[in-house]
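Engineer: Handing you this structure, nothing more for now.
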Amino acid sequence: MSTRTAASVSTHVLDTSAGRPAAGVTVRLLARDARDDQDTQDVRDVRDAGWRPVGGSVTDADGRCRDLPDPPEGTTHVRLDFAVEAYLERSEKKQADAQQDAPANRGGGAVFFPEVSVTFAVVPGEHYHVPLLLSPFGYSVYRGS
């Protein structure tokens, strides 16, 4: 059993369309203490209510953020915001140069998912590794180990 009083968080990003880690993705970590009122009608109010920026990082050559700070003591929810637009634009350009049917050559032009936000519950003393599997037209996340 851990004696830590705070949760810890790590992440990595894998580009599933290229079959390699996604380097250079900016990740922001936010935290909040308690769940907000569920009766709120405006989704924007729920998304932004109570969140405090904790810190951030940029994925390295292995697609990992090795220096995310721990959420403050008392945190019950964490949000990771992945700014994937710039990475996907760079990636699509490289793929377009390598193959004719890459997304950039299909007339899409704009990135479909410019950002990805993942919100999850945490408990003190636990470690949460939350990988992002990214492609130009989809993504998935899971609790890793």
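Ligands are numbered from 1 in the order shown, chains are lettered A, B, ... in the order of the structure tokens, and residues start at 1 in each chain.
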Near Leu68 (chain A), counting only C-alpha atoms, which residues have an atom at most 8 Å away, once you skip same-chain residues fewer than 3 positions from it, shown as a PyMOL selection string?
Structural biologist: chain A and resi 9-10+29+55-57+65
Engineer: Could you turn the residues from that selection into a file that holds all heavy atoms, as a PDB file, in the first residue's frame?
Structural biologist:
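Dumped to part.pdb:
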ATOM      1  N   VAL A   9       0.340  10.964 -12.296  1.00  0.00           N
ATOM      2  CA  VAL A   9      -0.183  10.779 -13.647  1.00  0.00           C
ATOM      3  C   VAL A   9       0.967  10.742 -14.642  1.00  0.00           C
ATOM      4  O   VAL A   9       1.911  11.529 -14.544  1.00  0.00           O
ATOM      5  CB  VAL A   9      -1.146  11.930 -14.023  1.00  0.00           C
ATOM      6  CG1 VAL A   9      -1.635  11.792 -15.455  1.00  0.00           C
ATOM      7  CG2 VAL A   9      -2.321  11.990 -13.056  1.00  0.00           C
ATOM      8  N   SER A  10       0.871   9.834 -15.586  1.00  0.00           N
ATOM      9  CA  SER A  10       1.802   9.817 -16.712  1.00  0.00           C
ATOM     10  C   SER A  10       1.010   9.497 -17.973  1.00  0.00           C
ATOM     11  O   SER A  10      -0.121   9.011 -17.909  1.00  0.00           O
ATOM     12  CB  SER A  10       2.921   8.788 -16.496  1.00  0.00           C
ATOM     13  OG  SER A  10       2.401   7.475 -16.410  1.00  0.00           O
ATOM     14  N   LEU A  29      -1.959  19.368 -17.955  1.00  0.00           N
ATOM     15  CA  LEU A  29      -2.615  18.657 -16.867  1.00  0.00           C
ATOM     16  C   LEU A  29      -3.397  19.654 -16.024  1.00  0.00           C
ATOM     17  O   LEU A  29      -2.855  20.674 -15.608  1.00  0.00           O
ATOM     18  CB  LEU A  29      -1.576  17.926 -16.010  1.00  0.00           C
ATOM     19  CG  LEU A  29      -2.128  17.008 -14.929  1.00  0.00           C
ATOM     20  CD1 LEU A  29      -1.257  15.766 -14.812  1.00  0.00           C
ATOM     21  CD2 LEU A  29      -2.216  17.696 -13.593  1.00  0.00           C
ATOM     22  N   GLY A  55       0.134  21.914 -14.640  1.00  0.00           N
ATOM     23  CA  GLY A  55       1.397  21.934 -15.365  1.00  0.00           C
ATOM     24  C   GLY A  55       1.232  21.278 -16.719  1.00  0.00           C
ATOM     25  O   GLY A  55       0.128  20.928 -17.121  1.00  0.00           O
ATOM     26  N   GLY A  56       2.332  21.115 -17.395  1.00  0.00           N
ATOM     27  CA  GLY A  56       2.273  20.519 -18.712  1.00  0.00           C
ATOM     28  C   GLY A  56       3.625  20.004 -19.146  1.00  0.00           C
ATOM     29  O   GLY A  56       4.612  20.109 -18.413  1.00  0.00           O
ATOM     30  N   SER A  57       3.633  19.469 -20.342  1.00  0.00           N
ATOM     31  CA  SER A  57       4.846  18.885 -20.884  1.00  0.00           C
ATOM     32  C   SER A  57       4.675  18.755 -22.392  1.00  0.00           C
ATOM     33  O   SER A  57       3.613  19.067 -22.935  1.00  0.00           O
ATOM     34  CB  SER A  57       5.091  17.511 -20.246  1.00  0.00           C
ATOM     35  OG  SER A  57       6.330  16.969 -20.645  1.00  0.00           O
ATOM     36  N   CYS A  65       5.533  11.837 -21.878  1.00  0.00           N
ATOM     37  CA  CYS A  65       5.718  13.021 -21.039  1.00  0.00           C
ATOM     38  C   CYS A  65       6.302  12.507 -19.729  1.00  0.00           C
ATOM     39  O   CYS A  65       5.597  11.894 -18.929  1.00  0.00           O
ATOM     40  CB  CYS A  65       4.382  13.715 -20.771  1.00  0.00           C
ATOM     41  SG  CYS A  65       3.700  14.539 -22.199  1.00  0.00           S
TER      42      CYS A  65
END
Engineer: Give me the residues within 7 Å of region 119-131 of chain A as a PyMOL selection string, counting only C-alpha atoms and dropping any in the same chain fewer than 5 places off.
Structural biologist: chain A and resi 2-13+76-80+141-145
Engineer: Can you tell me which residues surround region 115-117 of chain A at a distance of at most 12 Å, considering only C-alpha atoms, apart from same-chain residues fewer than 4 positions away, and format the answer as a VMD selection string?
Structural biologist: chain A and resid 13 25 to 30 47 to 48 78 to 88 111 130 to 141
Engineer: Under the rule that only C-alpha atoms are counted, which of A:Val54, A:Ala110, A:Ala49, A:Ala31 is the nearest residue to Arg90 (chain A)?
Structural biologist: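 Smallest separation from Arg90 (chain A) among the options: A:Ala110.
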Engineer: What gap, in Å, lies between CA of Gly50 (chain A) and CA of Pro71 (chain A)?
Structural biologist: 13.8 Å
Engineer: Return as a ChimeraX atom specification the full set of residues in region 40-88 of chain A whose backbone-based DSSP assignment is alpha helix (DSSP H).
Structural biologist: /A:43-48,85-88
Engineer: Next, the residues of the selection above should be written as a PDB file, in the first residue's frame with N, CA, C and O atoms.
Structural biologist:
ATOM      1  N   VAL A  43     -23.112  22.599 -21.100  1.00  0.00           N
ATOM      2  CA  VAL A  43     -21.969  21.679 -21.106  1.00  0.00           C
ATOM      3  C   VAL A  43     -20.664  22.440 -20.886  1.00  0.00           C
ATOM      4  O   VAL A  43     -19.767  21.957 -20.210  1.00  0.00           O
ATOM      5  N   ARG A  44     -20.540  23.642 -21.400  1.00  0.00           N
ATOM      6  CA  ARG A  44     -19.311  24.417 -21.208  1.00  0.00           C
ATOM      7  C   ARG A  44     -19.072  24.707 -19.740  1.00  0.00           C
ATOM      8  O   ARG A  44     -17.945  24.701 -19.272  1.00  0.00           O
ATOM      9  N   ASP A  45     -20.139  24.976 -18.993  1.00  0.00           N
ATOM     10  CA  ASP A  45     -19.991  25.230 -17.558  1.00  0.00           C
ATOM     11  C   ASP A  45     -19.421  24.009 -16.856  1.00  0.00           C
ATOM     12  O   ASP A  45     -18.550  24.116 -16.000  1.00  0.00           O
ATOM     13  N   VAL A  46     -19.915  22.824 -17.192  1.00  0.00           N
ATOM     14  CA  VAL A  46     -19.443  21.587 -16.572  1.00  0.00           C
ATOM     15  C   VAL A  46     -17.991  21.339 -16.945  1.00  0.00           C
ATOM     16  O   VAL A  46     -17.175  20.983 -16.106  1.00  0.00           O
ATOM     17  N   ARG A  47     -17.651  21.532 -18.212  1.00  0.00           N
ATOM     18  CA  ARG A  47     -16.291  21.253 -18.679  1.00  0.00           C
ATOM     19  C   ARG A  47     -15.266  22.153 -17.991  1.00  0.00           C
ATOM     20  O   ARG A  47     -14.186  21.708 -17.652  1.00  0.00           O
ATOM     21  N   ASP A  48     -15.592  23.412 -17.774  1.00  0.00           N
ATOM     22  CA  ASP A  48     -14.614  24.358 -17.249  1.00  0.00           C
ATOM     23  C   ASP A  48     -14.704  24.582 -15.742  1.00  0.00           C
ATOM     24  O   ASP A  48     -13.792  25.152 -15.154  1.00  0.00           O
ATOM     25  N   GLU A  85      -3.230  19.068 -32.953  1.00  0.00           N
ATOM     26  CA  GLU A  85      -3.364  19.634 -34.297  1.00  0.00           C
ATOM     27  C   GLU A  85      -2.016  19.816 -35.008  1.00  0.00           C
ATOM     28  O   GLU A  85      -1.849  19.372 -36.147  1.00  0.00           O
ATOM     29  N   ALA A  86      -1.065  20.470 -34.359  1.00  0.00           N
ATOM     30  CA  ALA A  86       0.232  20.720 -34.998  1.00  0.00           C
ATOM     31  C   ALA A  86       0.928  19.405 -35.338  1.00  0.00           C
ATOM     32  O   ALA A  86       1.506  19.264 -36.419  1.00  0.00           O
ATOM     33  N   TYR A  87       0.864  18.433 -34.421  1.00  0.00           N
ATOM     34  CA  TYR A  87       1.483  17.135 -34.699  1.00  0.00           C
ATOM     35  C   TYR A  87       0.827  16.476 -35.918  1.00  0.00           C
ATOM     36  O   TYR A  87       1.518  15.981 -36.809  1.00  0.00           O
ATOM     37  N   LEU A  88      -0.500  16.447 -35.957  1.00  0.00           N
ATOM     38  CA  LEU A  88      -1.201  15.793 -37.062  1.00  0.00           C
ATOM     39  C   LEU A  88      -0.936  16.486 -38.388  1.00  0.00           C
ATOM     40  O   LEU A  88      -0.802  15.826 -39.427  1.00  0.00           O
TER      41      LEU A  88
END
Engineer: CA of Arg52 (chain A) to CA of Asp33 (chain A): how many Å, to one decimal?
Structural biologist: 9.3 Å
Engineer: Distance CA of Pro72 (chain A)-CA of Pro21 (chain A), one decimal place?
Structural biologist: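 So the answer is 28.7 Å.
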